[in-house]
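final-v3.txt (compact mmCIF, C-alpha atoms)
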```txt
# COMPACT_ATOMS: atom_id res chain seq x y z
CA MET C 156 8.41 -99.45 -42.34
CA LYS C 157 7.21 -99.22 -45.93
CA THR C 158 3.97 -100.97 -45.00
CA LEU C 159 3.47 -98.59 -42.11
CA LEU C 160 4.03 -95.59 -44.38
CA ARG C 161 1.62 -97.02 -46.92
CA LEU C 162 -0.99 -97.57 -44.21
CA LEU C 163 -0.50 -94.06 -42.92
CA SER C 164 -0.87 -92.66 -46.44
CA VAL C 165 -4.10 -94.56 -46.96
CA ALA C 166 -5.41 -93.40 -43.59
CA LEU C 167 -4.52 -89.80 -44.43
CA LEU C 168 -6.15 -90.08 -47.85
CA VAL C 169 -9.31 -91.56 -46.36
CA SER C 170 -9.55 -88.86 -43.71
CA LEU C 171 -8.91 -86.10 -46.25
CA THR C 172 -11.51 -87.55 -48.61
CA THR C 173 -14.01 -87.77 -45.78
CA LEU C 174 -13.33 -84.18 -44.80
CA ALA C 175 -13.61 -83.01 -48.39
CA ALA C 176 -16.97 -84.76 -48.70
CA ARG C 177 -18.09 -83.13 -45.47
CA ALA C 178 -16.86 -79.79 -46.70
CA GLN C 179 -19.12 -80.10 -49.73
CA ASP C 180 -22.10 -81.36 -47.83
CA LEU C 181 -21.46 -79.99 -44.41
CA HIS C 182 -24.84 -78.39 -43.97
CA ALA C 183 -26.77 -81.54 -44.73
CA ALA C 184 -25.59 -82.97 -41.45
CA GLU C 185 -27.47 -81.57 -38.51
CA ASP C 186 -25.18 -83.11 -35.94
CA VAL C 187 -22.15 -81.11 -37.00
CA ASP C 188 -19.63 -80.80 -34.22
CA PRO C 189 -18.89 -77.09 -33.71
CA SER C 190 -15.31 -77.97 -32.83
CA ASP C 191 -14.83 -78.91 -36.49
CA TYR C 192 -15.11 -75.22 -37.29
CA ILE C 193 -13.09 -72.16 -36.49
CA ARG C 194 -16.22 -70.18 -37.37
CA GLU C 195 -19.58 -71.21 -38.79
CA GLY C 196 -18.97 -72.54 -42.29
CA ILE C 197 -15.17 -72.44 -42.02
CA LEU C 198 -13.79 -75.91 -41.45
CA ARG C 199 -10.85 -76.43 -39.15
CA MET C 200 -7.90 -78.13 -40.83
CA PRO C 201 -7.62 -81.77 -39.78
CA ASN C 202 -3.93 -81.54 -38.98
CA PRO C 203 -2.24 -79.24 -36.49
CA PRO C 204 -0.49 -76.44 -38.36
CA GLY C 205 3.10 -77.04 -39.35
CA PRO C 206 5.63 -74.23 -39.50
CA ALA C 207 5.09 -71.43 -42.01
CA PRO C 208 6.90 -72.07 -45.28
CA VAL C 209 9.59 -69.60 -46.26
CA ARG C 210 8.38 -66.55 -48.23
CA ASP C 211 5.32 -68.36 -49.47
CA PHE C 212 1.70 -67.28 -49.02
CA SER C 213 0.40 -69.08 -52.11
CA GLY C 214 -2.99 -70.67 -51.59
CA VAL C 215 -6.61 -69.87 -50.79
CA TRP C 216 -7.41 -68.12 -47.51
CA VAL C 217 -10.51 -67.00 -45.69
CA GLY C 218 -11.12 -64.40 -43.01
CA PRO C 219 -13.14 -65.63 -40.02
CA ASN C 220 -14.08 -62.01 -39.28
CA ASN C 221 -12.59 -61.46 -35.91
CA ARG C 222 -11.04 -58.23 -37.07
CA GLU C 223 -10.45 -55.11 -35.01
CA LEU C 224 -10.92 -51.63 -36.42
CA GLY C 225 -8.85 -48.83 -34.95
CA PRO C 226 -10.41 -45.48 -34.03
CA VAL C 227 -10.45 -43.12 -36.99
CA PRO C 228 -8.37 -40.00 -36.26
CA PRO C 229 -9.70 -36.46 -36.73
CA MET C 230 -10.18 -35.46 -40.33
CA THR C 231 -8.77 -32.40 -42.04
CA ALA C 232 -11.22 -29.77 -43.25
CA ALA C 233 -10.99 -31.28 -46.74
CA GLY C 234 -11.69 -34.75 -45.40
CA GLN C 235 -14.63 -33.49 -43.36
CA VAL C 236 -16.22 -31.92 -46.43
CA VAL C 237 -16.09 -35.21 -48.33
CA PHE C 238 -17.32 -37.20 -45.34
CA GLU C 239 -20.32 -34.93 -44.78
CA GLY C 240 -21.42 -35.49 -48.35
CA ARG C 241 -21.70 -39.20 -47.78
CA HIS C 242 -24.85 -40.83 -46.45
CA SER C 243 -24.43 -44.44 -45.51
CA TYR C 244 -27.17 -46.93 -46.11
CA GLY C 245 -27.23 -47.84 -42.45
CA ALA C 246 -27.57 -44.23 -41.25
CA VAL C 247 -30.34 -43.45 -43.73
CA SER C 248 -32.31 -46.57 -42.96
CA ARG C 249 -32.13 -45.76 -39.26
CA ASN C 250 -33.08 -42.15 -39.73
CA ALA C 251 -35.14 -41.15 -42.74
CA ASP C 252 -34.51 -37.47 -41.96
CA LEU C 253 -30.97 -37.96 -43.21
CA GLY C 254 -32.38 -38.12 -46.72
CA VAL C 255 -31.11 -40.53 -49.30
CA SER C 256 -28.17 -42.90 -49.18
CA ASN C 257 -25.43 -42.51 -51.77
CA ASP C 258 -23.32 -45.54 -50.86
CA PRO C 259 -21.85 -46.49 -54.27
CA PHE C 260 -22.25 -50.19 -53.53
CA ILE C 261 -26.04 -49.86 -53.70
CA VAL C 262 -25.65 -49.96 -57.47
CA CYS C 263 -22.69 -52.34 -57.30
CA ASP C 264 -20.00 -49.76 -58.06
CA PRO C 265 -16.64 -51.37 -57.26
CA LEU C 266 -15.73 -51.06 -53.59
CA GLY C 267 -12.10 -50.21 -54.39
CA PHE C 268 -9.17 -50.87 -52.07
CA PRO C 269 -9.22 -51.26 -49.10
CA ARG C 270 -13.00 -51.38 -48.61
CA ASN C 271 -13.05 -54.57 -50.68
CA LEU C 272 -10.59 -56.09 -48.23
CA LEU C 273 -12.69 -55.09 -45.22
CA ALA C 274 -16.15 -55.81 -46.61
CA HIS C 275 -15.48 -58.85 -48.74
CA ALA C 276 -12.36 -60.67 -47.60
CA VAL C 277 -12.86 -59.98 -43.90
CA SER C 278 -16.42 -59.15 -42.86
CA SER C 279 -18.21 -61.33 -45.41
CA ARG C 280 -15.57 -64.02 -45.11
CA GLY C 281 -14.98 -64.13 -48.86
CA ARG C 282 -12.03 -66.22 -49.89
CA PHE C 283 -8.97 -64.90 -51.70
CA ILE C 284 -5.86 -66.41 -53.21
CA PHE C 285 -2.21 -65.43 -53.08
CA ALA C 286 -0.62 -66.57 -56.34
CA ASP C 287 2.86 -66.15 -57.75
CA ALA C 288 3.46 -64.54 -61.12
CA PRO C 289 6.66 -63.24 -62.75
CA ASP C 290 8.11 -60.44 -60.59
CA ARG C 291 4.94 -60.10 -58.61
CA ILE C 292 2.34 -61.68 -56.36
CA LEU C 293 -1.28 -61.63 -57.42
CA ILE C 294 -4.07 -61.39 -54.87
CA ALA C 295 -7.42 -62.43 -56.29
CA TYR C 296 -10.67 -62.05 -54.34
CA GLU C 297 -13.55 -64.39 -55.09
CA GLN C 298 -16.11 -61.68 -54.43
CA GLN C 299 -16.48 -59.52 -57.52
CA ARG C 300 -13.59 -61.51 -59.02
CA ILE C 301 -11.22 -58.66 -58.28
CA TRP C 302 -7.46 -59.04 -58.51
CA ARG C 303 -4.48 -56.92 -57.48
CA GLU C 304 -0.87 -57.00 -58.62
CA ILE C 305 1.84 -56.65 -55.99
CA TRP C 306 5.15 -55.92 -57.71
CA LEU C 307 8.26 -57.36 -56.08
CA ASP C 308 10.81 -56.17 -58.66
CA GLY C 309 11.91 -53.13 -56.71
CA ARG C 310 9.94 -50.57 -58.65
CA GLY C 311 8.66 -47.47 -56.88
CA LEU C 312 5.14 -46.23 -56.37
CA PRO C 313 3.63 -43.18 -58.03
CA GLU C 314 4.08 -40.15 -55.78
CA ALA C 315 1.26 -38.35 -57.56
CA VAL C 316 -1.55 -39.31 -59.90
CA ASP C 317 -3.90 -37.51 -62.27
CA VAL C 318 -1.46 -34.69 -63.00
CA ARG C 319 0.37 -34.15 -66.29
CA GLY C 320 3.10 -36.74 -66.76
CA ALA C 321 1.89 -38.92 -63.86
CA PRO C 322 -0.10 -42.13 -64.01
CA GLU C 323 -3.86 -42.16 -63.56
CA SER C 324 -5.51 -43.00 -60.26
CA ARG C 325 -7.07 -46.42 -59.81
CA TYR C 326 -9.84 -47.94 -57.68
CA TYR C 327 -7.35 -50.52 -56.42
CA GLY C 328 -4.26 -48.32 -56.63
CA TYR C 329 -0.67 -49.30 -57.37
CA SER C 330 1.00 -51.82 -55.08
CA VAL C 331 4.54 -52.96 -54.38
CA GLY C 332 5.67 -55.56 -51.90
CA ARG C 333 8.75 -56.64 -50.01
CA TRP C 334 9.59 -59.47 -47.65
CA GLU C 335 10.64 -58.73 -44.10
CA GLY C 336 12.28 -61.89 -42.87
CA ASP C 337 10.89 -65.17 -44.13
CA HIS C 338 7.27 -64.86 -43.08
CA THR C 339 6.15 -61.24 -43.42
CA LEU C 340 5.03 -59.64 -46.65
CA VAL C 341 4.68 -55.84 -46.56
CA ILE C 342 2.53 -54.28 -49.28
CA GLU C 343 2.37 -50.55 -49.91
CA THR C 344 -0.38 -49.06 -52.03
CA THR C 345 -0.77 -45.53 -53.43
CA GLY C 346 -2.43 -43.85 -56.40
CA LEU C 347 -6.01 -44.44 -55.30
CA ASP C 348 -9.02 -43.02 -57.10
CA GLU C 349 -10.88 -40.88 -54.56
CA ARG C 350 -14.41 -42.02 -55.40
CA PRO C 351 -14.56 -45.27 -53.42
CA TRP C 352 -15.40 -45.07 -49.73
CA LEU C 353 -12.90 -46.30 -47.17
CA ASP C 354 -15.63 -48.14 -45.30
CA GLU C 355 -19.36 -48.59 -45.09
CA VAL C 356 -19.75 -45.47 -42.98
CA GLY C 357 -18.37 -43.35 -45.82
CA HIS C 358 -14.98 -42.24 -44.52
CA PRO C 359 -12.92 -40.84 -47.39
CA ARG C 360 -9.45 -41.80 -48.54
CA SER C 361 -7.54 -39.59 -50.95
CA SER C 362 -5.21 -40.04 -53.90
CA GLU C 363 -2.43 -39.04 -51.50
CA ALA C 364 -3.10 -41.95 -49.17
CA ARG C 365 -0.38 -44.51 -48.54
CA ILE C 366 -1.81 -47.77 -47.26
CA VAL C 367 0.45 -50.43 -45.79
CA GLU C 368 -0.66 -54.03 -45.35
CA ARG C 369 1.60 -56.21 -43.27
CA TYR C 370 0.81 -59.93 -43.66
CA THR C 371 2.61 -62.35 -41.34
CA ARG C 372 2.24 -66.07 -41.86
CA THR C 373 2.48 -67.31 -38.32
CA ASP C 374 2.20 -70.99 -39.24
CA GLU C 375 1.00 -73.25 -42.02
CA HIS C 376 -2.66 -72.35 -41.52
CA ASN C 377 -2.69 -68.77 -40.27
CA ILE C 378 -1.93 -65.27 -41.48
CA GLU C 379 -2.17 -62.12 -39.40
CA LEU C 380 -2.73 -58.77 -41.08
CA THR C 381 -2.28 -55.20 -39.91
CA VAL C 382 -3.32 -52.31 -42.17
CA THR C 383 -2.14 -48.76 -41.54
CA ILE C 384 -3.21 -45.64 -43.41
CA ASP C 385 -1.35 -42.38 -43.84
CA ASP C 386 -3.52 -39.88 -45.68
CA PRO C 387 -2.41 -36.31 -44.87
CA LYS C 388 -4.94 -34.77 -47.25
CA PHE C 389 -7.94 -36.12 -45.33
CA TYR C 390 -6.67 -37.13 -41.86
CA MET C 391 -4.65 -35.35 -39.20
CA GLU C 392 -2.49 -38.37 -38.42
CA PRO C 393 -1.74 -41.92 -39.60
CA TRP C 394 -3.52 -44.77 -37.86
CA THR C 395 -3.87 -48.52 -37.64
CA TRP C 396 -7.05 -49.03 -39.58
CA MET C 397 -7.58 -52.75 -39.19
CA ARG C 398 -6.16 -55.92 -37.73
CA ALA C 399 -7.50 -59.18 -39.12
CA ASN C 400 -6.50 -62.79 -39.53
CA PHE C 401 -6.95 -65.36 -42.24
CA TYR C 402 -7.16 -69.13 -42.23
CA TRP C 403 -6.16 -71.77 -44.75
CA VAL C 404 -9.15 -73.05 -46.75
CA LEU C 405 -9.72 -76.78 -46.69
CA GLY C 406 -10.17 -77.90 -50.31
CA GLN C 407 -8.68 -74.62 -51.61
CA GLU C 408 -11.73 -73.84 -53.74
CA PHE C 409 -13.31 -70.56 -54.76
CA ALA C 410 -16.98 -69.66 -55.09
CA GLU C 411 -18.36 -66.87 -57.28
CA THR C 412 -20.13 -63.87 -55.85
CA ILE C 413 -20.79 -60.83 -57.97
CA CYS C 414 -22.80 -57.72 -57.20
CA ILE C 415 -24.63 -57.40 -60.50
CA PRO C 416 -26.01 -53.92 -61.28
CA SER C 417 -29.37 -55.18 -62.52
CA GLU C 418 -29.77 -57.18 -59.31
CA GLY C 419 -28.87 -54.10 -57.30
CA ILE C 420 -31.70 -52.30 -59.10
CA GLN C 421 -34.01 -55.24 -58.34
CA TYR C 422 -33.13 -54.95 -54.64
CA ARG C 423 -33.75 -51.20 -54.67
CA ASP C 424 -37.11 -51.52 -56.46
CA ALA C 425 -38.48 -54.68 -54.80
CA LEU C 426 -37.20 -54.18 -51.30
CA ALA C 427 -35.50 -50.92 -50.36
CA GLN C 428 -38.03 -48.46 -51.76
CA PRO C 429 -41.18 -50.30 -50.63
CA SER C 430 -39.76 -50.59 -47.12
CA GLY C 431 -39.16 -46.84 -47.05
CA ILE C 432 -35.42 -46.54 -47.70
CA ARG C 433 -34.39 -43.99 -50.28
CA THR C 434 -31.21 -44.01 -52.31
CA GLU C 435 -29.64 -41.44 -54.55
CA PHE C 436 -29.63 -43.75 -57.52
CA GLU C 437 -33.31 -43.56 -58.44
CA MET V 199 -45.50 -78.62 -33.96
CA LYS V 200 -47.01 -75.15 -33.87
CA ARG V 201 -46.34 -75.01 -30.14
CA ILE V 202 -42.66 -75.78 -30.72
CA TRP V 203 -42.52 -72.91 -33.18
CA LEU V 204 -44.17 -70.60 -30.69
CA VAL V 205 -41.76 -71.55 -27.94
CA ALA V 206 -38.83 -71.31 -30.31
CA GLY V 207 -40.19 -67.97 -31.51
CA ALA V 208 -40.49 -66.64 -27.99
CA LEU V 209 -36.97 -67.79 -27.22
CA ALA V 210 -35.67 -66.31 -30.47
CA LEU V 211 -37.38 -63.02 -29.69
CA ALA V 212 -35.89 -62.95 -26.22
CA VAL V 213 -32.44 -63.65 -27.57
CA PHE V 214 -33.02 -61.18 -30.37
CA ALA V 215 -34.05 -58.48 -27.92
CA ALA V 216 -30.96 -59.15 -25.86
CA VAL V 217 -28.52 -59.03 -28.71
CA SER V 218 -30.25 -56.85 -31.29
CA ALA V 219 -28.21 -53.74 -30.63
CA PRO V 220 -24.88 -55.25 -31.60
CA VAL V 221 -26.31 -57.57 -34.21
CA LEU V 222 -28.21 -55.07 -36.31
CA ALA V 223 -25.63 -54.07 -38.82
CA HIS V 224 -25.07 -53.07 -42.41
CA HIS V 225 -28.52 -52.64 -43.89
CA SER V 226 -29.87 -51.67 -40.54
CA ASN V 227 -33.20 -53.26 -39.97
CA ALA V 228 -34.94 -50.11 -38.84
CA PRO V 229 -37.58 -50.37 -41.59
CA TYR V 230 -38.76 -53.61 -40.02
CA GLY V 231 -40.66 -54.13 -36.84
CA ASP V 232 -39.66 -56.53 -34.09
CA ASP V 233 -42.68 -58.81 -34.44
CA ILE V 234 -42.40 -62.08 -36.30
CA VAL V 235 -45.26 -63.05 -38.55
CA GLU V 236 -45.62 -66.60 -39.81
CA PHE V 237 -47.19 -67.48 -43.15
CA GLU V 238 -48.03 -70.61 -45.04
CA ALA V 239 -46.73 -69.51 -48.41
CA THR V 240 -45.89 -70.51 -51.96
CA ILE V 241 -42.51 -69.50 -53.30
CA THR V 242 -42.80 -67.62 -56.58
CA ARG V 243 -39.12 -66.74 -57.08
CA PHE V 244 -35.83 -66.91 -55.23
CA ALA V 245 -33.31 -64.28 -56.31
CA TRP V 246 -29.87 -65.56 -55.30
CA ALA V 247 -28.51 -62.06 -55.64
CA ASN V 248 -26.54 -59.20 -54.18
CA PRO V 249 -26.59 -57.05 -52.22
CA HIS V 250 -29.07 -59.38 -50.49
CA ALA V 251 -30.94 -62.45 -51.65
CA LEU V 252 -34.70 -61.97 -52.07
CA ILE V 253 -37.49 -64.47 -51.50
CA PHE V 254 -40.70 -63.72 -53.38
CA PHE V 255 -43.71 -65.58 -52.04
CA ASP V 256 -47.50 -65.55 -52.18
CA THR V 257 -49.82 -65.77 -49.22
CA THR V 258 -53.57 -65.60 -48.85
CA ASP V 259 -55.05 -62.93 -46.58
CA ALA V 260 -58.14 -63.22 -44.38
CA ASP V 261 -60.37 -62.22 -47.30
CA GLY V 262 -58.96 -64.89 -49.54
CA ASN V 263 -56.90 -62.48 -51.63
CA VAL V 264 -53.44 -63.46 -52.77
CA VAL V 265 -50.74 -61.11 -51.44
CA ASN V 266 -47.33 -60.94 -53.13
CA TRP V 267 -44.66 -60.69 -50.46
CA VAL V 268 -40.92 -60.31 -50.59
CA ALA V 269 -38.42 -61.06 -47.83
CA GLU V 270 -34.80 -60.06 -47.90
CA THR V 271 -32.15 -62.20 -46.34
CA ALA V 272 -28.36 -62.07 -46.38
CA ALA V 273 -26.01 -62.08 -49.38
CA PRO V 274 -25.29 -65.40 -51.09
CA GLN V 275 -21.73 -65.65 -49.78
CA GLN V 276 -23.03 -65.40 -46.23
CA LEU V 277 -25.96 -67.74 -46.81
CA ARG V 278 -23.69 -70.42 -48.28
CA LEU V 279 -21.92 -70.62 -44.95
CA ILE V 280 -25.13 -71.45 -43.13
CA GLY V 281 -26.47 -74.09 -45.46
CA TRP V 282 -28.21 -72.25 -48.26
CA ALA V 283 -27.73 -72.75 -52.00
CA LYS V 284 -29.04 -71.12 -55.15
CA ALA V 285 -31.61 -73.93 -55.47
CA SER V 286 -32.69 -73.97 -51.83
CA LEU V 287 -36.04 -72.43 -52.74
CA MET V 288 -37.81 -73.08 -56.03
CA PRO V 289 -40.98 -71.60 -57.53
CA GLY V 290 -43.96 -73.62 -56.38
CA ASP V 291 -42.38 -74.73 -53.10
CA GLU V 292 -44.91 -74.75 -50.26
CA VAL V 293 -43.23 -73.36 -47.17
CA THR V 294 -43.79 -72.01 -43.71
CA ILE V 295 -42.03 -68.70 -43.57
CA ARG V 296 -41.41 -66.38 -40.63
CA VAL V 297 -40.57 -62.76 -41.32
CA TYR V 298 -40.26 -59.33 -39.73
CA PRO V 299 -42.64 -57.19 -41.82
CA ALA V 300 -41.87 -53.55 -42.67
CA ARG V 301 -43.21 -51.00 -40.22
CA ASN V 302 -44.93 -49.11 -43.04
CA GLY V 303 -47.38 -51.93 -43.74
CA GLU V 304 -46.07 -52.82 -47.19
CA PRO V 305 -45.68 -56.55 -47.91
CA VAL V 306 -41.88 -56.40 -47.64
CA SER V 307 -39.91 -57.99 -44.85
CA ARG V 308 -36.72 -59.37 -43.40
CA LEU V 309 -36.56 -63.14 -43.15
CA ASN V 310 -36.37 -64.87 -39.80
CA ARG V 311 -36.49 -68.45 -41.04
CA VAL V 312 -38.23 -70.67 -43.55
CA ARG V 313 -39.27 -74.32 -43.30
CA LEU V 314 -39.67 -76.41 -46.42
CA ALA V 315 -42.23 -79.16 -46.95
CA ASP V 316 -39.61 -81.82 -46.19
CA GLY V 317 -38.90 -80.22 -42.81
CA THR V 318 -35.63 -78.56 -43.81
CA GLU V 319 -35.20 -75.28 -42.03
CA LEU V 320 -33.09 -72.38 -43.26
CA HIS V 321 -32.45 -69.25 -41.25
CA ASP V 322 -31.38 -65.72 -41.91
CA SER V 323 -27.87 -64.80 -40.89
CA GLN V 324 -28.76 -61.69 -38.95
CA LEU V 325 -32.22 -62.01 -37.52
CA GLY V 326 -32.62 -65.77 -37.64
CA GLY V 327 -29.73 -66.22 -35.30
CA ASP V 328 -26.76 -68.44 -35.79
CA GLU V 329 -27.66 -71.69 -34.15
CA GLY V 330 -25.04 -73.14 -31.92
CA GLY V 331 -23.50 -69.76 -31.28
CA LYS V 332 -20.80 -70.42 -33.82
CA THR V 333 -20.77 -66.88 -35.14
CA ARG V 334 -21.57 -63.40 -34.10
CA TYR V 335 -22.72 -62.35 -37.49
CA ASP V 336 -21.87 -58.85 -38.71
CA PRO V 337 -22.11 -58.93 -42.48
CA HIS V 338 -20.25 -55.79 -43.38
CA GLY V 339 -18.23 -55.24 -40.31
CA PHE V 340 -19.91 -52.37 -38.54
CA ARG V 341 -21.86 -52.89 -35.39
CA ASN V 342 -23.40 -49.45 -35.53
```
I'd like the structure from this file rewritten - as structure tokens, please.
Amino acid sequence: MKTLLRLLSVALLVSLTTLAARAQDLHAAEDVDPSDYIREGILRMPNPPGPAPVRDFSGVWVGPNNRELGPVPPMTAAGQVVFEGRHSYGAVSRNADLGVSNDPFIVCDPLGFPRNLLAHAVSSRGRFIFADAPDRILIAYEQQRIWREIWLDGRGLPEAVDVRGAPESRYYGYSVGRWEGDHTLVIETTGLDERPWLDEVGHPRSSEARIVERYTRTDEHNIELTVTIDDPKFYMEPWTWMRANFYWVLGQEFAETICIPSEGIQYRDALAQPSGIRTEFE
Amino acid sequence: MKRIWLVAGALALAVFAAVSAPVLAHHSNAPYGDDIVEFEATITRFAWANPHALIFFDTTDADGNVVNWVAETAAPQQLRLIGWAKASLMPGDEVTIRVYPARNGEPVSRLNRVRLADGTELHDSQLGGDEGGKTRYDPHGFRN
């Protein structure tokens, strides 16, 4: 029995080492089997997923970008005013008559929450890590090296920000979390700075918004996420903004990707302007 | 070899035409035309940068003048997933590069794909197509 276990351990080690080597050099091989991937560049775990551990999301995850975005509800008059002042890069590059784009990300302004979640962790398939810390969970995103604190100590959230006696608004807000059962983590976020866009189109989200992320670890390798937004200042009703899923990262490593302002300027000067796209930041 | 490229190009264009509406996303590619132009080129700089990586390269026009071109491709985090690295292109590299030039006639473009002297081929995430159909690429999440 011991010999069998030892043999199995060696076999497991060898297969893991082989997979790790392939993970590092996966693009050198031209005969890559697509079934090794859940999505291009995202390796499938070699073992079938075991059950989800209890109240534990710790580890590095990646979004394969098969997210769904819910229809945005009608905006309030205040929301409409903000939205009309925003000119997305995509709209302007399709139609020069729209003038100049003022998407803050052109000059690498922080995306803020939850656009960072959508654009970086989901759509661009950037990895992120759930990590435990005293009284809280940290979520760190490899893109822009952004991190959030999710307090689990029972504290409340600010009901208002930027008024006398209240805390200041933040690009990534204030977040608290709670477990529902053994496999679902519910995170509520408020206190958002109003400057960041909700999405690439330029929808607004206000300092009164309450954003709820519900992460369910369905098994060892998979997390499902639903994000709902209630923002009575800018929208007529709450809605399910996004559903997405995340997959366990083989090797558990991070990369580094930073939008560097000087490189944003380089892109604007060398590419965007000569090709006829105008931006507000000139 | 050229013929293979032409056939591949025709196929790529056909596929591109069929799927371009949903694929064109984020930095919409409206500034660029739909025609692919192929150059024998020398890499002068590769900016592994956001929001999109930039390939600077020199070509020689019909009159023998050197033209300084630039091609944008996807962001590094997207390129890593399809085989690129910061050192994929180095100054002085002689390459065959296929791009969609800007409609306004300036020497700026969107990459289709680039072939290095050793035969290695690297493609753009949006317009180069994801070989093997393993992704439906949509860099920032909006097929609009």
Cut-off 6 Å: closest chain C/chain V atom pairs per residue, using only C-alpha atoms, as CSV:
```
residue,atom,partner,partner_atom,distance
C:His182,CA,V:Gly281,CA,4.8
C:Arg194,CA,V:Lys332,CA,5.8
C:Glu195,CA,V:Lys332,CA,5.2
C:Gly196,CA,V:Leu279,CA,4.4
C:Gly245,CA,V:Ser226,CA,5.0
C:Arg249,CA,V:Ala228,CA,5.2
C:Ala274,CA,V:His338,CA,5.2
C:Ser278,CA,V:Gly339,CA,5.0
C:Ser279,CA,V:Pro337,CA,5.4
C:Cys414,CA,V:Asn248,CA,5.0
C:Ser430,CA,V:Ala300,CA,5.7
```
- Query: If you count only C-alpha atoms, which residues fall within 9 Å of Val382 of chain C, apart from same-chain ones fewer than 2 positions away, as number ranges by chain?
  - Reply: C: 366-370, 380, 384, 394-399
Next, write the just-selected residues to a file, as a PDB file, keeping the file's coordinate frame, keeping C-alpha atoms as the atom set.
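Once written, result_8.pdb looks like this:
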```
ATOM      1  CA  ILE C 366      -1.810 -47.770 -47.260  1.00  0.00           C
ATOM      2  CA  VAL C 367       0.450 -50.430 -45.790  1.00  0.00           C
ATOM      3  CA  GLU C 368      -0.660 -54.030 -45.350  1.00  0.00           C
ATOM      4  CA  ARG C 369       1.600 -56.210 -43.270  1.00  0.00           C
ATOM      5  CA  TYR C 370       0.810 -59.930 -43.660  1.00  0.00           C
ATOM      6  CA  LEU C 380      -2.730 -58.770 -41.080  1.00  0.00           C
ATOM      7  CA  ILE C 384      -3.210 -45.640 -43.410  1.00  0.00           C
ATOM      8  CA  TRP C 394      -3.520 -44.770 -37.860  1.00  0.00           C
ATOM      9  CA  THR C 395      -3.870 -48.520 -37.640  1.00  0.00           C
ATOM     10  CA  TRP C 396      -7.050 -49.030 -39.580  1.00  0.00           C
ATOM     11  CA  MET C 397      -7.580 -52.750 -39.190  1.00  0.00           C
ATOM     12  CA  ARG C 398      -6.160 -55.920 -37.730  1.00  0.00           C
ATOM     13  CA  ALA C 399      -7.500 -59.180 -39.120  1.00  0.00           C
TER      14      ALA C 399
END
```
- Task: Show which residues sit within 10 Å of Asp258 of chain C, as a ChimeraX atom specification. Count all atoms listed in the file, and ignore same-chain residues fewer than 5 positions away.
- Result: /C:241-245,263-264,266,351-352,354-357,434-436
For segment 280-285 of chain V, I'd like the enclosing box, axis-aligned and padded by 8 Å on every side, reported as lines of an AutoDock Vina configuration file with centre and edge lengths in Å to one decimal.
```
center_x = -28.4
center_y = -72.6
center_z = -49.3
size_x = 22.5
size_y = 19.0
size_z = 28.3
```
- Message: Between C:Gly214, C:Gly309, C:Gly346, C:Gly234, which residue has the minimum interatomic distance to Phe285 of chain C, considering only C-alpha atoms?
- Response: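 Between C:Gly214, C:Gly309, C:Gly346, C:Gly234, the residue approaching Phe285 of chain C most closely is C:Gly214.
Between atom CA of Tyr326 of chain C and atom CA of Pro269 of chain C the interatomic distance comes to 9.2 Å.
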- Message: Using only C-alpha atoms, can you tell me which of C:Ile378, C:Val331, C:Arg372, C:Asn257 comes closest to Glu239 of chain C?
- Response: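 Going through C:Ile378, C:Val331, C:Arg372, C:Asn257 one by one, the smallest distance to Glu239 of chain C is for C:Asn257.
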- Item | Shell around Thr294 of chain V at 12 Å using all atoms listed in the file, local window under 6 positions removed, as a list of chain:residue names | V:Met199, V:Lys200, V:Trp203, V:Val235, V:Glu236, V:Phe237, V:Glu238, V:Ala239, V:Thr240, V:Ile241, V:Phe255, V:Asp256, V:Thr257, V:Leu287, V:Leu309, V:Asn310, V:Arg311, V:Val312, V:Arg313, V:Leu314, V:Ala315, V:Asp316, V:Gly317, V:Thr318, V:Glu319, V:Leu320, V:His321
Prev. selection, C-alpha atoms, output as a JSON list (two decimals), in the frame of the given file:
```
[["chain", "number", "residue", "atom", "x", "y", "z"],
["V", 199, "MET", "CA", -45.50, -78.62, -33.96],
["V", 200, "LYS", "CA", -47.01, -75.15, -33.87],
["V", 203, "TRP", "CA", -42.52, -72.91, -33.18],
["V", 235, "VAL", "CA", -45.26, -63.05, -38.55],
["V", 236, "GLU", "CA", -45.62, -66.60, -39.81],
["V", 237, "PHE", "CA", -47.19, -67.48, -43.15],
["V", 238, "GLU", "CA", -48.03, -70.61, -45.04],
["V", 239, "ALA", "CA", -46.73, -69.51, -48.41],
["V", 240, "THR", "CA", -45.89, -70.51, -51.96],
["V", 241, "ILE", "CA", -42.51, -69.50, -53.30],
["V", 255, "PHE", "CA", -43.71, -65.58, -52.04],
["V", 256, "ASP", "CA", -47.50, -65.55, -52.18],
["V", 257, "THR", "CA", -49.82, -65.77, -49.22],
["V", 287, "LEU", "CA", -36.04, -72.43, -52.74],
["V", 309, "LEU", "CA", -36.56, -63.14, -43.15],
["V", 310, "ASN", "CA", -36.37, -64.87, -39.80],
["V", 311, "ARG", "CA", -36.49, -68.45, -41.04],
["V", 312, "VAL", "CA", -38.23, -70.67, -43.55],
["V", 313, "ARG", "CA", -39.27, -74.32, -43.30],
["V", 314, "LEU", "CA", -39.67, -76.41, -46.42],
["V", 315, "ALA", "CA", -42.23, -79.16, -46.95],
["V", 316, "ASP", "CA", -39.61, -81.82, -46.19],
["V", 317, "GLY", "CA", -38.90, -80.22, -42.81],
["V", 318, "THR", "CA", -35.63, -78.56, -43.81],
["V", 319, "GLU", "CA", -35.20, -75.28, -42.03],
["V", 320, "LEU", "CA", -33.09, -72.38, -43.26],
["V", 321, "HIS", "CA", -32.45, -69.25, -41.25]]
```
